[in-house]
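Novice: Contents of target.pdb (PDB, N, CA and C atoms, pLDDT in the B column) are below:
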ATOM      1  N   MET A   1      -0.485  17.194  -7.504  1.00 84.00           N
ATOM      2  CA  MET A   1      -0.818  17.535  -6.132  1.00 84.00           C
ATOM      3  C   MET A   1      -2.169  16.937  -5.733  1.00 84.00           C
ATOM      4  N   GLU A   2      -3.139  17.011  -6.620  1.00 92.00           N
ATOM      5  CA  GLU A   2      -4.461  16.473  -6.304  1.00 92.00           C
ATOM      6  C   GLU A   2      -4.393  14.976  -6.022  1.00 92.00           C
ATOM      7  N   GLU A   3      -3.613  14.244  -6.797  1.00 93.00           N
ATOM      8  CA  GLU A   3      -3.497  12.796  -6.567  1.00 93.00           C
ATOM      9  C   GLU A   3      -2.795  12.499  -5.249  1.00 93.00           C
ATOM     10  N   PHE A   4      -1.865  13.339  -4.839  1.00 92.00           N
ATOM     11  CA  PHE A   4      -1.209  13.178  -3.546  1.00 92.00           C
ATOM     12  C   PHE A   4      -2.239  13.290  -2.423  1.00 92.00           C
ATOM     13  N   ILE A   5      -3.112  14.275  -2.527  1.00 95.00           N
ATOM     14  CA  ILE A   5      -4.161  14.466  -1.521  1.00 95.00           C
ATOM     15  C   ILE A   5      -5.106  13.271  -1.523  1.00 95.00           C
ATOM     16  N   ARG A   6      -5.441  12.781  -2.689  1.00 96.00           N
ATOM     17  CA  ARG A   6      -6.312  11.605  -2.783  1.00 96.00           C
ATOM     18  C   ARG A   6      -5.662  10.388  -2.126  1.00 96.00           C
ATOM     19  N   ILE A   7      -4.383  10.167  -2.391  1.00 97.00           N
ATOM     20  CA  ILE A   7      -3.693   9.032  -1.765  1.00 97.00           C
ATOM     21  C   ILE A   7      -3.762   9.168  -0.247  1.00 97.00           C
ATOM     22  N   ALA A   8      -3.450  10.345   0.261  1.00 96.00           N
ATOM     23  CA  ALA A   8      -3.476  10.558   1.711  1.00 96.00           C
ATOM     24  C   ALA A   8      -4.865  10.258   2.277  1.00 96.00           C
ATOM     25  N   ALA A   9      -5.896  10.767   1.623  1.00 96.00           N
ATOM     26  CA  ALA A   9      -7.261  10.547   2.112  1.00 96.00           C
ATOM     27  C   ALA A   9      -7.650   9.080   2.040  1.00 96.00           C
ATOM     28  N   TYR A  10      -7.358   8.426   0.940  1.00 97.00           N
ATOM     29  CA  TYR A  10      -7.781   7.040   0.765  1.00 97.00           C
ATOM     30  C   TYR A  10      -7.001   6.080   1.656  1.00 97.00           C
ATOM     31  N   VAL A  11      -5.736   6.378   1.900  1.00 97.00           N
ATOM     32  CA  VAL A  11      -4.974   5.562   2.842  1.00 97.00           C
ATOM     33  C   VAL A  11      -5.555   5.750   4.243  1.00 97.00           C
ATOM     34  N   ALA A  12      -5.800   6.984   4.639  1.00 96.00           N
ATOM     35  CA  ALA A  12      -6.337   7.265   5.976  1.00 96.00           C
ATOM     36  C   ALA A  12      -7.705   6.604   6.175  1.00 96.00           C
ATOM     37  N   MET A  13      -8.504   6.537   5.120  1.00 95.00           N
ATOM     38  CA  MET A  13      -9.834   5.925   5.211  1.00 95.00           C
ATOM     39  C   MET A  13      -9.790   4.405   5.062  1.00 95.00           C
ATOM     40  N   LYS A  14      -8.586   3.857   4.884  1.00 94.00           N
ATOM     41  CA  LYS A  14      -8.394   2.417   4.714  1.00 94.00           C
ATOM     42  C   LYS A  14      -9.174   1.876   3.515  1.00 94.00           C
ATOM     43  N   ASN A  15      -9.144   2.633   2.432  1.00 94.00           N
ATOM     44  CA  ASN A  15      -9.805   2.169   1.207  1.00 94.00           C
ATOM     45  C   ASN A  15      -9.131   0.903   0.696  1.00 94.00           C
ATOM     46  N   SER A  16      -9.768   0.264  -0.257  1.00 94.00           N
ATOM     47  CA  SER A  16      -9.237  -0.987  -0.802  1.00 94.00           C
ATOM     48  C   SER A  16      -7.922  -0.748  -1.536  1.00 94.00           C
ATOM     49  N   VAL A  17      -7.119  -1.790  -1.567  1.00 95.00           N
ATOM     50  CA  VAL A  17      -5.821  -1.712  -2.237  1.00 95.00           C
ATOM     51  C   VAL A  17      -5.973  -1.296  -3.701  1.00 95.00           C
ATOM     52  N   PRO A  18      -6.879  -1.925  -4.486  1.00 96.00           N
ATOM     53  CA  PRO A  18      -6.982  -1.511  -5.890  1.00 96.00           C
ATOM     54  C   PRO A  18      -7.356  -0.033  -6.061  1.00 96.00           C
ATOM     55  N   HIS A  19      -8.181   0.490  -5.164  1.00 96.00           N
ATOM     56  CA  HIS A  19      -8.556   1.905  -5.270  1.00 96.00           C
ATOM     57  C   HIS A  19      -7.353   2.806  -5.022  1.00 96.00           C
ATOM     58  N   ILE A  20      -6.584   2.495  -3.989  1.00 97.00           N
ATOM     59  CA  ILE A  20      -5.381   3.285  -3.708  1.00 97.00           C
ATOM     60  C   ILE A  20      -4.376   3.128  -4.839  1.00 97.00           C
ATOM     61  N   GLN A  21      -4.271   1.919  -5.371  1.00 97.00           N
ATOM     62  CA  GLN A  21      -3.326   1.637  -6.457  1.00 97.00           C
ATOM     63  C   GLN A  21      -3.585   2.540  -7.670  1.00 97.00           C
ATOM     64  N   ILE A  22      -4.825   2.745  -8.001  1.00 97.00           N
ATOM     65  CA  ILE A  22      -5.180   3.620  -9.135  1.00 97.00           C
ATOM     66  C   ILE A  22      -4.577   5.004  -8.933  1.00 97.00           C
ATOM     67  N   HIS A  23      -4.671   5.517  -7.723  1.00 97.00           N
ATOM     68  CA  HIS A  23      -4.200   6.879  -7.455  1.00 97.00           C
ATOM     69  C   HIS A  23      -2.687   6.946  -7.274  1.00 97.00           C
ATOM     70  N   VAL A  24      -2.084   5.863  -6.805  1.00 98.00           N
ATOM     71  CA  VAL A  24      -0.621   5.797  -6.770  1.00 98.00           C
ATOM     72  C   VAL A  24      -0.086   5.891  -8.205  1.00 98.00           C
ATOM     73  N   HIS A  25      -0.687   5.128  -9.092  1.00 97.00           N
ATOM     74  CA  HIS A  25      -0.277   5.156 -10.505  1.00 97.00           C
ATOM     75  C   HIS A  25      -0.491   6.555 -11.097  1.00 97.00           C
ATOM     76  N   ALA A  26      -1.655   7.152 -10.833  1.00 97.00           N
ATOM     77  CA  ALA A  26      -1.956   8.479 -11.377  1.00 97.00           C
ATOM     78  C   ALA A  26      -0.985   9.535 -10.838  1.00 97.00           C
ATOM     79  N   ALA A  27      -0.634   9.446  -9.562  1.00 97.00           N
ATOM     80  CA  ALA A  27       0.321  10.409  -8.991  1.00 97.00           C
ATOM     81  C   ALA A  27       1.684  10.266  -9.648  1.00 97.00           C
ATOM     82  N   HIS A  28       2.080   9.020  -9.900  1.00 97.00           N
ATOM     83  CA  HIS A  28       3.360   8.787 -10.567  1.00 97.00           C
ATOM     84  C   HIS A  28       3.335   9.341 -11.983  1.00 97.00           C
ATOM     85  N   GLU A  29       2.243   9.106 -12.683  1.00 97.00           N
ATOM     86  CA  GLU A  29       2.106   9.652 -14.046  1.00 97.00           C
ATOM     87  C   GLU A  29       2.133  11.179 -14.044  1.00 97.00           C
ATOM     88  N   ALA A  30       1.674  11.794 -12.951  1.00 96.00           N
ATOM     89  CA  ALA A  30       1.654  13.254 -12.843  1.00 96.00           C
ATOM     90  C   ALA A  30       2.997  13.823 -12.393  1.00 96.00           C
ATOM     91  N   GLY A  31       3.963  12.935 -12.095  1.00 96.00           N
ATOM     92  CA  GLY A  31       5.304  13.428 -11.781  1.00 96.00           C
ATOM     93  C   GLY A  31       5.852  13.100 -10.409  1.00 96.00           C
ATOM     94  N   ALA A  32       5.051  12.503  -9.546  1.00 96.00           N
ATOM     95  CA  ALA A  32       5.554  12.135  -8.217  1.00 96.00           C
ATOM     96  C   ALA A  32       6.487  10.939  -8.341  1.00 96.00           C
ATOM     97  N   THR A  33       7.536  10.935  -7.567  1.00 96.00           N
ATOM     98  CA  THR A  33       8.489   9.817  -7.603  1.00 96.00           C
ATOM     99  C   THR A  33       7.979   8.685  -6.704  1.00 96.00           C
ATOM    100  N   PRO A  34       8.448   7.465  -6.950  1.00 96.00           N
ATOM    101  CA  PRO A  34       8.080   6.364  -6.053  1.00 96.00           C
ATOM    102  C   PRO A  34       8.434   6.656  -4.595  1.00 96.00           C
ATOM    103  N   GLU A  35       9.566   7.306  -4.370  1.00 96.00           N
ATOM    104  CA  GLU A  35       9.994   7.623  -3.013  1.00 96.00           C
ATOM    105  C   GLU A  35       9.059   8.620  -2.339  1.00 96.00           C
ATOM    106  N   GLU A  36       8.623   9.630  -3.086  1.00 96.00           N
ATOM    107  CA  GLU A  36       7.691  10.613  -2.528  1.00 96.00           C
ATOM    108  C   GLU A  36       6.364   9.953  -2.146  1.00 96.00           C
ATOM    109  N   ILE A  37       5.891   9.076  -2.991  1.00 97.00           N
ATOM    110  CA  ILE A  37       4.629   8.390  -2.713  1.00 97.00           C
ATOM    111  C   ILE A  37       4.791   7.457  -1.518  1.00 97.00           C
ATOM    112  N   TYR A  38       5.889   6.737  -1.466  1.00 96.00           N
ATOM    113  CA  TYR A  38       6.170   5.849  -0.331  1.00 96.00           C
ATOM    114  C   TYR A  38       6.184   6.634   0.974  1.00 96.00           C
ATOM    115  N   ASN A  39       6.890   7.768   0.979  1.00 96.00           N
ATOM    116  CA  ASN A  39       6.981   8.596   2.179  1.00 96.00           C
ATOM    117  C   ASN A  39       5.614   9.125   2.609  1.00 96.00           C
ATOM    118  N   LEU A  40       4.787   9.485   1.651  1.00 97.00           N
ATOM    119  CA  LEU A  40       3.440   9.952   1.965  1.00 97.00           C
ATOM    120  C   LEU A  40       2.630   8.843   2.630  1.00 97.00           C
ATOM    121  N   ILE A  41       2.665   7.655   2.052  1.00 96.00           N
ATOM    122  CA  ILE A  41       1.921   6.527   2.618  1.00 96.00           C
ATOM    123  C   ILE A  41       2.426   6.207   4.018  1.00 96.00           C
ATOM    124  N   GLU A  42       3.729   6.212   4.198  1.00 94.00           N
ATOM    125  CA  GLU A  42       4.322   5.933   5.506  1.00 94.00           C
ATOM    126  C   GLU A  42       3.895   6.983   6.537  1.00 94.00           C
ATOM    127  N   LEU A  43       3.886   8.239   6.154  1.00 95.00           N
ATOM    128  CA  LEU A  43       3.496   9.320   7.056  1.00 95.00           C
ATOM    129  C   LEU A  43       2.027   9.212   7.446  1.00 95.00           C
ATOM    130  N   VAL A  44       1.154   9.083   6.459  1.00 95.00           N
ATOM    131  CA  VAL A  44      -0.280   8.979   6.741  1.00 95.00           C
ATOM    132  C   VAL A  44      -0.563   7.725   7.569  1.00 95.00           C
ATOM    133  N   GLY A  45       0.097   6.637   7.241  1.00 90.00           N
ATOM    134  CA  GLY A  45      -0.081   5.414   8.005  1.00 90.00           C
ATOM    135  C   GLY A  45       0.326   5.575   9.455  1.00 90.00           C
ATOM    136  N   SER A  46       1.362   6.348   9.711  1.00 90.00           N
ATOM    137  CA  SER A  46       1.801   6.560  11.099  1.00 90.00           C
ATOM    138  C   SER A  46       0.794   7.374  11.891  1.00 90.00           C
ATOM    139  N   TRP A  47      -0.022   8.163  11.206  1.00 91.00           N
ATOM    140  CA  TRP A  47      -1.057   8.953  11.886  1.00 91.00           C
ATOM    141  C   TRP A  47      -2.331   8.152  12.111  1.00 91.00           C
ATOM    142  N   THR A  48      -2.499   7.076  11.356  1.00 90.00           N
ATOM    143  CA  THR A  48      -3.775   6.365  11.386  1.00 90.00           C
ATOM    144  C   THR A  48      -3.619   4.988  12.021  1.00 90.00           C
ATOM    145  N   SER A  49      -3.347   3.981  11.215  1.00 82.00           N
ATOM    146  CA  SER A  49      -3.272   2.622  11.776  1.00 82.00           C
ATOM    147  C   SER A  49      -2.416   1.721  10.911  1.00 82.00           C
ATOM    148  N   GLY A  50      -2.136   0.551  11.458  1.00 84.00           N
ATOM    149  CA  GLY A  50      -1.383  -0.443  10.702  1.00 84.00           C
ATOM    150  C   GLY A  50      -2.132  -0.914   9.478  1.00 84.00           C
ATOM    151  N   ASP A  51      -3.461  -1.041   9.591  1.00 87.00           N
ATOM    152  CA  ASP A  51      -4.256  -1.465   8.435  1.00 87.00           C
ATOM    153  C   ASP A  51      -4.141  -0.462   7.291  1.00 87.00           C
ATOM    154  N   ALA A  52      -4.179   0.805   7.640  1.00 92.00           N
ATOM    155  CA  ALA A  52      -4.063   1.850   6.618  1.00 92.00           C
ATOM    156  C   ALA A  52      -2.703   1.772   5.937  1.00 92.00           C
ATOM    157  N   THR A  53      -1.667   1.596   6.739  1.00 92.00           N
ATOM    158  CA  THR A  53      -0.316   1.483   6.186  1.00 92.00           C
ATOM    159  C   THR A  53      -0.201   0.271   5.278  1.00 92.00           C
ATOM    160  N   GLN A  54      -0.737  -0.860   5.706  1.00 92.00           N
ATOM    161  CA  GLN A  54      -0.667  -2.082   4.892  1.00 92.00           C
ATOM    162  C   GLN A  54      -1.341  -1.895   3.547  1.00 92.00           C
ATOM    163  N   ASN A  55      -2.531  -1.320   3.538  1.00 94.00           N
ATOM    164  CA  ASN A  55      -3.227  -1.109   2.265  1.00 94.00           C
ATOM    165  C   ASN A  55      -2.437  -0.179   1.348  1.00 94.00           C
ATOM    166  N   GLY A  56      -1.913   0.897   1.913  1.00 95.00           N
ATOM    167  CA  GLY A  56      -1.130   1.832   1.109  1.00 95.00           C
ATOM    168  C   GLY A  56       0.146   1.228   0.577  1.00 95.00           C
ATOM    169  N   MET A  57       0.854   0.497   1.420  1.00 94.00           N
ATOM    170  CA  MET A  57       2.108  -0.115   0.983  1.00 94.00           C
ATOM    171  C   MET A  57       1.875  -1.224  -0.044  1.00 94.00           C
ATOM    172  N   GLU A  58       0.793  -1.960   0.114  1.00 94.00           N
ATOM    173  CA  GLU A  58       0.486  -2.992  -0.881  1.00 94.00           C
ATOM    174  C   GLU A  58       0.157  -2.351  -2.227  1.00 94.00           C
ATOM    175  N   ALA A  59      -0.576  -1.244  -2.210  1.00 96.00           N
ATOM    176  CA  ALA A  59      -0.871  -0.525  -3.460  1.00 96.00           C
ATOM    177  C   ALA A  59       0.424  -0.017  -4.093  1.00 96.00           C
ATOM    178  N   TRP A  60       1.322   0.514  -3.279  1.00 95.00           N
ATOM    179  CA  TRP A  60       2.613   0.997  -3.782  1.00 95.00           C
ATOM    180  C   TRP A  60       3.391  -0.158  -4.399  1.00 95.00           C
ATOM    181  N   ARG A  61       3.430  -1.300  -3.706  1.00 95.00           N
ATOM    182  CA  ARG A  61       4.157  -2.475  -4.206  1.00 95.00           C
ATOM    183  C   ARG A  61       3.621  -2.930  -5.551  1.00 95.00           C
ATOM    184  N   LEU A  62       2.309  -2.949  -5.689  1.00 95.00           N
ATOM    185  CA  LEU A  62       1.712  -3.399  -6.947  1.00 95.00           C
ATOM    186  C   LEU A  62       2.088  -2.501  -8.125  1.00 95.00           C
ATOM    187  N   VAL A  63       2.256  -1.214  -7.867  1.00 97.00           N
ATOM    188  CA  VAL A  63       2.615  -0.281  -8.940  1.00 97.00           C
ATOM    189  C   VAL A  63       4.111  -0.339  -9.248  1.00 97.00           C
ATOM    190  N   PHE A  64       4.950  -0.320  -8.209  1.00 96.00           N
ATOM    191  CA  PHE A  64       6.382  -0.154  -8.434  1.00 96.00           C
ATOM    192  C   PHE A  64       7.221  -1.415  -8.299  1.00 96.00           C
ATOM    193  N   ARG A  65       6.783  -2.388  -7.534  1.00 92.00           N
ATOM    194  CA  ARG A  65       7.581  -3.596  -7.310  1.00 92.00           C
ATOM    195  C   ARG A  65       6.710  -4.861  -7.332  1.00 92.00           C
ATOM    196  N   PRO A  66       5.980  -5.077  -8.417  1.00 92.00           N
ATOM    197  CA  PRO A  66       5.054  -6.217  -8.452  1.00 92.00           C
ATOM    198  C   PRO A  66       5.746  -7.575  -8.346  1.00 92.00           C
ATOM    199  N   GLU A  67       7.045  -7.606  -8.569  1.00 88.00           N
ATOM    200  CA  GLU A  67       7.776  -8.875  -8.473  1.00 88.00           C
ATOM    201  C   GLU A  67       7.985  -9.314  -7.022  1.00 88.00           C
ATOM    202  N   LEU A  68       7.833  -8.393  -6.083  1.00 85.00           N
ATOM    203  CA  LEU A  68       7.956  -8.747  -4.671  1.00 85.00           C
ATOM    204  C   LEU A  68       6.690  -9.461  -4.194  1.00 85.00           C
ATOM    205  N   PRO A  69       6.810 -10.352  -3.223  1.00 82.00           N
ATOM    206  CA  PRO A  69       5.612 -11.029  -2.726  1.00 82.00           C
ATOM    207  C   PRO A  69       4.687 -10.057  -1.990  1.00 82.00           C
ATOM    208  N   THR A  70       3.424 -10.363  -2.025  1.00 84.00           N
ATOM    209  CA  THR A  70       2.438  -9.529  -1.344  1.00 84.00           C
ATOM    210  C   THR A  70       2.655  -9.537   0.166  1.00 84.00           C
ATOM    211  N   ILE A  71       2.261  -8.460   0.808  1.00 77.00           N
ATOM    212  CA  ILE A  71       2.315  -8.439   2.266  1.00 77.00           C
ATOM    213  C   ILE A  71       1.125  -9.183   2.856  1.00 77.00           C
ATOM    214  N   PHE A  72       0.133  -9.469   2.028  1.00 72.00           N
ATOM    215  CA  PHE A  72      -1.048 -10.212   2.465  1.00 72.00           C
ATOM    216  C   PHE A  72      -0.847 -11.679   2.111  1.00 72.00           C
ATOM    217  N   ARG A  73       0.061 -12.317   2.789  1.00 68.00           N
ATOM    218  CA  ARG A  73       0.371 -13.710   2.499  1.00 68.00           C
ATOM    219  C   ARG A  73      -0.699 -14.618   3.097  1.00 68.00           C
ATOM    220  N   VAL A  74      -1.041 -15.622   2.343  1.00 61.00           N
ATOM    221  CA  VAL A  74      -1.977 -16.621   2.833  1.00 61.00           C
ATOM    222  C   VAL A  74      -1.155 -17.754   3.423  1.00 61.00           C
ATOM    223  N   VAL A  75      -1.434 -18.083   4.657  1.00 58.00           N
ATOM    224  CA  VAL A  75      -0.715 -19.148   5.339  1.00 58.00           C
ATOM    225  C   VAL A  75      -1.712 -20.255   5.636  1.00 58.00           C
ATOM    226  N   GLU A  76      -1.365 -21.449   5.255  1.00 61.00           N
ATOM    227  CA  GLU A  76      -2.240 -22.590   5.532  1.00 61.00           C
ATOM    228  C   GLU A  76      -1.954 -23.102   6.932  1.00 61.00           C
ATOM    229  N   LEU A  77      -2.970 -23.102   7.755  1.00 60.00           N
ATOM    230  CA  LEU A  77      -2.833 -23.641   9.104  1.00 60.00           C
ATOM    231  C   LEU A  77      -3.333 -25.077   9.101  1.00 60.00           C
ATOM    232  N   THR A  78      -2.544 -25.924   9.680  1.00 67.00           N
ATOM    233  CA  THR A  78      -2.916 -27.327   9.826  1.00 67.00           C
ATOM    234  C   THR A  78      -2.785 -27.706  11.290  1.00 67.00           C
ATOM    235  N   SER A  79      -3.155 -28.902  11.631  1.00 67.00           N
ATOM    236  CA  SER A  79      -3.008 -29.333  13.017  1.00 67.00           C
ATOM    237  C   SER A  79      -1.541 -29.312  13.434  1.00 67.00           C
ATOM    238  N   GLU A  80      -0.635 -29.494  12.473  1.00 69.00           N
ATOM    239  CA  GLU A  80       0.807 -29.449  12.773  1.00 69.00           C
ATOM    240  C   GLU A  80       1.266 -28.046  13.159  1.00 69.00           C
ATOM    241  N   SER A  81       0.551 -27.031  12.704  1.00 60.00           N
ATOM    242  CA  SER A  81       0.945 -25.649  12.980  1.00 60.00           C
ATOM    243  C   SER A  81       0.943 -25.332  14.467  1.00 60.00           C
ATOM    244  N   PHE A  82       0.112 -26.032  15.222  1.00 63.00           N
ATOM    245  CA  PHE A  82      -0.039 -25.737  16.639  1.00 63.00           C
ATOM    246  C   PHE A  82       0.938 -26.519  17.505  1.00 63.00           C
ATOM    247  N   ASN A  83       1.689 -27.416  16.908  1.00 66.00           N
ATOM    248  CA  ASN A  83       2.644 -28.235  17.644  1.00 66.00           C
ATOM    249  C   ASN A  83       4.057 -27.687  17.602  1.00 66.00           C
ATOM    250  N   LYS A  84       4.247 -26.501  17.059  1.00 54.00           N
ATOM    251  CA  LYS A  84       5.584 -25.938  16.920  1.00 54.00           C
ATOM    252  C   LYS A  84       5.879 -24.940  18.003  1.00 54.00           C
TER     253      LYS A  84
END
Kindly present the structure from the file in structure tokens form.
Specialist:
Amino acid sequence: MEEFIRIAAYVAMKNSVPHIQIHVHAAHEAGATPEEIYNLIELVGSWTSGDATQNGMEAWRLVFRPELPTIFRVVELTSESFNK
């Protein structure tokens, strides 16, 4: 329960992804399911902002689905990018 509260607070405060990731992992180790943690992040994110949701979801992805690409994709912009 304590880790759930920490996740909610850290997502709402838009803490760094690695910091949230630590607590996502700890909550899972304490018995929370990936779905419960996902739902918590989604709920808190809906109360706060898109940035908060992104940080929380990226932390969740790193713990449970690291094989998926990051949501923080780096896109190279070139002069050709503006001609499309």
Novice: Considering all atoms listed in the file, state which residue in the set A:Pro18, A:Phe4, A:Met13, A:Leu68 is at the smallest distance from Ile37 in chain A.
Specialist: A:Phe4
Novice: So what do you get for atom N of Ile5 in chain A versus atom N of Ala59 in chain A, distance-wise?
Specialist: 15.7 Å
Novice: Need to verify the contact set: Gly56 in chain A, 6 Å, only C-alpha atoms, exclusion of same-chain residues closer than 3 positions in sequence. Can you return it as a list in words?
Specialist: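 Non-adjacent residues within range: Val11, Ile41, Thr53 and Ala59 of chain A.
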Novice: Ranking A:Phe72, A:Arg6, A:Thr48, A:Met1 by minimum distance to Ile20 in chain A and counting all atoms listed in the file, which one comes first?
Specialist: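 Closest candidate: A:Arg6.
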Novice: Would you kindly translate the PyMOL selection byres (((chain A and resi 45 and name CA) around 10) and name CA) into the concrete residues it picks from this file, as a count of residues only?
Specialist: 22
Novice: Among chain A, which residues does DSSP mark as helix (DSSP H, G or I) when it is run on the backbone? Keep the chain and numbering as in the structure and answer as a PyMOL selection string.
Specialist: chain A and resi 2-12+17-29+34-47+50-64+79-83
Novice: May I have the centre and edge lengths, in Å to one decimal, of an axis-aligned box around the listed atoms of range 51-54 of chain A with 3 Å added to every side, as JSON?
Specialist:
{"center_x": -2.2, "center_y": -0.1, "center_z": 6.6, "size_x": 10.1, "size_y": 9.9, "size_z": 12.0}
Novice: Suppose you want the space between atom C of Ala27 in chain A and CA of Tyr10 in chain A; what is it in Å?
Specialist: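 CA of Tyr10 in chain A lies at a distance of 14.4 Å from atom C of Ala27 in chain A.
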Novice: Can you sort out range 19-27 of chain A so it carries all heavy atoms, written as a PDB file, in the frame of the given file?
Specialist:
ATOM      1  N   HIS A  19      -8.181   0.490  -5.164  1.00 96.00           N
ATOM      2  CA  HIS A  19      -8.556   1.905  -5.270  1.00 96.00           C
ATOM      3  C   HIS A  19      -7.353   2.806  -5.022  1.00 96.00           C
ATOM      4  O   HIS A  19      -7.104   3.761  -5.766  1.00 96.00           O
ATOM      5  CB  HIS A  19      -9.680   2.212  -4.286  1.00 96.00           C
ATOM      6  CG  HIS A  19     -10.262   3.574  -4.464  1.00 96.00           C
ATOM      7  ND1 HIS A  19     -10.776   4.296  -3.437  1.00 96.00           N
ATOM      8  CD2 HIS A  19     -10.384   4.369  -5.565  1.00 96.00           C
ATOM      9  CE1 HIS A  19     -11.203   5.467  -3.884  1.00 96.00           C
ATOM     10  NE2 HIS A  19     -10.976   5.529  -5.168  1.00 96.00           N
ATOM     11  N   ILE A  20      -6.584   2.495  -3.989  1.00 97.00           N
ATOM     12  CA  ILE A  20      -5.381   3.285  -3.708  1.00 97.00           C
ATOM     13  C   ILE A  20      -4.376   3.128  -4.839  1.00 97.00           C
ATOM     14  O   ILE A  20      -3.735   4.097  -5.256  1.00 97.00           O
ATOM     15  CB  ILE A  20      -4.763   2.870  -2.354  1.00 97.00           C
ATOM     16  CG1 ILE A  20      -5.753   3.125  -1.209  1.00 97.00           C
ATOM     17  CG2 ILE A  20      -3.449   3.620  -2.109  1.00 97.00           C
ATOM     18  CD1 ILE A  20      -5.349   2.499   0.117  1.00 97.00           C
ATOM     19  N   GLN A  21      -4.271   1.919  -5.371  1.00 97.00           N
ATOM     20  CA  GLN A  21      -3.326   1.637  -6.457  1.00 97.00           C
ATOM     21  C   GLN A  21      -3.585   2.540  -7.670  1.00 97.00           C
ATOM     22  O   GLN A  21      -2.640   3.046  -8.292  1.00 97.00           O
ATOM     23  CB  GLN A  21      -3.440   0.173  -6.857  1.00 97.00           C
ATOM     24  CG  GLN A  21      -2.512  -0.244  -7.961  1.00 97.00           C
ATOM     25  CD  GLN A  21      -2.746  -1.687  -8.387  1.00 97.00           C
ATOM     26  OE1 GLN A  21      -3.591  -2.389  -7.837  1.00 97.00           O
ATOM     27  NE2 GLN A  21      -2.004  -2.129  -9.364  1.00 97.00           N
ATOM     28  N   ILE A  22      -4.825   2.745  -8.001  1.00 97.00           N
ATOM     29  CA  ILE A  22      -5.180   3.620  -9.135  1.00 97.00           C
ATOM     30  C   ILE A  22      -4.577   5.004  -8.933  1.00 97.00           C
ATOM     31  O   ILE A  22      -4.014   5.595  -9.861  1.00 97.00           O
ATOM     32  CB  ILE A  22      -6.713   3.721  -9.273  1.00 97.00           C
ATOM     33  CG1 ILE A  22      -7.289   2.394  -9.759  1.00 97.00           C
ATOM     34  CG2 ILE A  22      -7.110   4.870 -10.196  1.00 97.00           C
ATOM     35  CD1 ILE A  22      -8.793   2.292  -9.622  1.00 97.00           C
ATOM     36  N   HIS A  23      -4.671   5.517  -7.723  1.00 97.00           N
ATOM     37  CA  HIS A  23      -4.200   6.879  -7.455  1.00 97.00           C
ATOM     38  C   HIS A  23      -2.687   6.946  -7.274  1.00 97.00           C
ATOM     39  O   HIS A  23      -2.078   7.967  -7.585  1.00 97.00           O
ATOM     40  CB  HIS A  23      -4.974   7.466  -6.280  1.00 97.00           C
ATOM     41  CG  HIS A  23      -6.425   7.611  -6.621  1.00 97.00           C
ATOM     42  ND1 HIS A  23      -6.892   8.599  -7.454  1.00 97.00           N
ATOM     43  CD2 HIS A  23      -7.489   6.839  -6.301  1.00 97.00           C
ATOM     44  CE1 HIS A  23      -8.189   8.449  -7.618  1.00 97.00           C
ATOM     45  NE2 HIS A  23      -8.580   7.380  -6.929  1.00 97.00           N
ATOM     46  N   VAL A  24      -2.084   5.863  -6.805  1.00 98.00           N
ATOM     47  CA  VAL A  24      -0.621   5.797  -6.770  1.00 98.00           C
ATOM     48  C   VAL A  24      -0.086   5.891  -8.205  1.00 98.00           C
ATOM     49  O   VAL A  24       0.834   6.667  -8.494  1.00 98.00           O
ATOM     50  CB  VAL A  24      -0.134   4.512  -6.068  1.00 98.00           C
ATOM     51  CG1 VAL A  24       1.351   4.280  -6.289  1.00 98.00           C
ATOM     52  CG2 VAL A  24      -0.462   4.560  -4.580  1.00 98.00           C
ATOM     53  N   HIS A  25      -0.687   5.128  -9.092  1.00 97.00           N
ATOM     54  CA  HIS A  25      -0.277   5.156 -10.505  1.00 97.00           C
ATOM     55  C   HIS A  25      -0.491   6.555 -11.097  1.00 97.00           C
ATOM     56  O   HIS A  25       0.394   7.086 -11.787  1.00 97.00           O
ATOM     57  CB  HIS A  25      -1.055   4.107 -11.296  1.00 97.00           C
ATOM     58  CG  HIS A  25      -0.759   4.121 -12.749  1.00 97.00           C
ATOM     59  ND1 HIS A  25       0.416   3.632 -13.271  1.00 97.00           N
ATOM     60  CD2 HIS A  25      -1.474   4.596 -13.806  1.00 97.00           C
ATOM     61  CE1 HIS A  25       0.411   3.791 -14.590  1.00 97.00           C
ATOM     62  NE2 HIS A  25      -0.727   4.375 -14.924  1.00 97.00           N
ATOM     63  N   ALA A  26      -1.655   7.152 -10.833  1.00 97.00           N
ATOM     64  CA  ALA A  26      -1.956   8.479 -11.377  1.00 97.00           C
ATOM     65  C   ALA A  26      -0.985   9.535 -10.838  1.00 97.00           C
ATOM     66  O   ALA A  26      -0.547  10.417 -11.594  1.00 97.00           O
ATOM     67  CB  ALA A  26      -3.392   8.870 -11.055  1.00 97.00           C
ATOM     68  N   ALA A  27      -0.634   9.446  -9.562  1.00 97.00           N
ATOM     69  CA  ALA A  27       0.321  10.409  -8.991  1.00 97.00           C
ATOM     70  C   ALA A  27       1.684  10.266  -9.648  1.00 97.00           C
ATOM     71  O   ALA A  27       2.362  11.259  -9.937  1.00 97.00           O
ATOM     72  CB  ALA A  27       0.432  10.204  -7.477  1.00 97.00           C
TER      73      ALA A  27
END
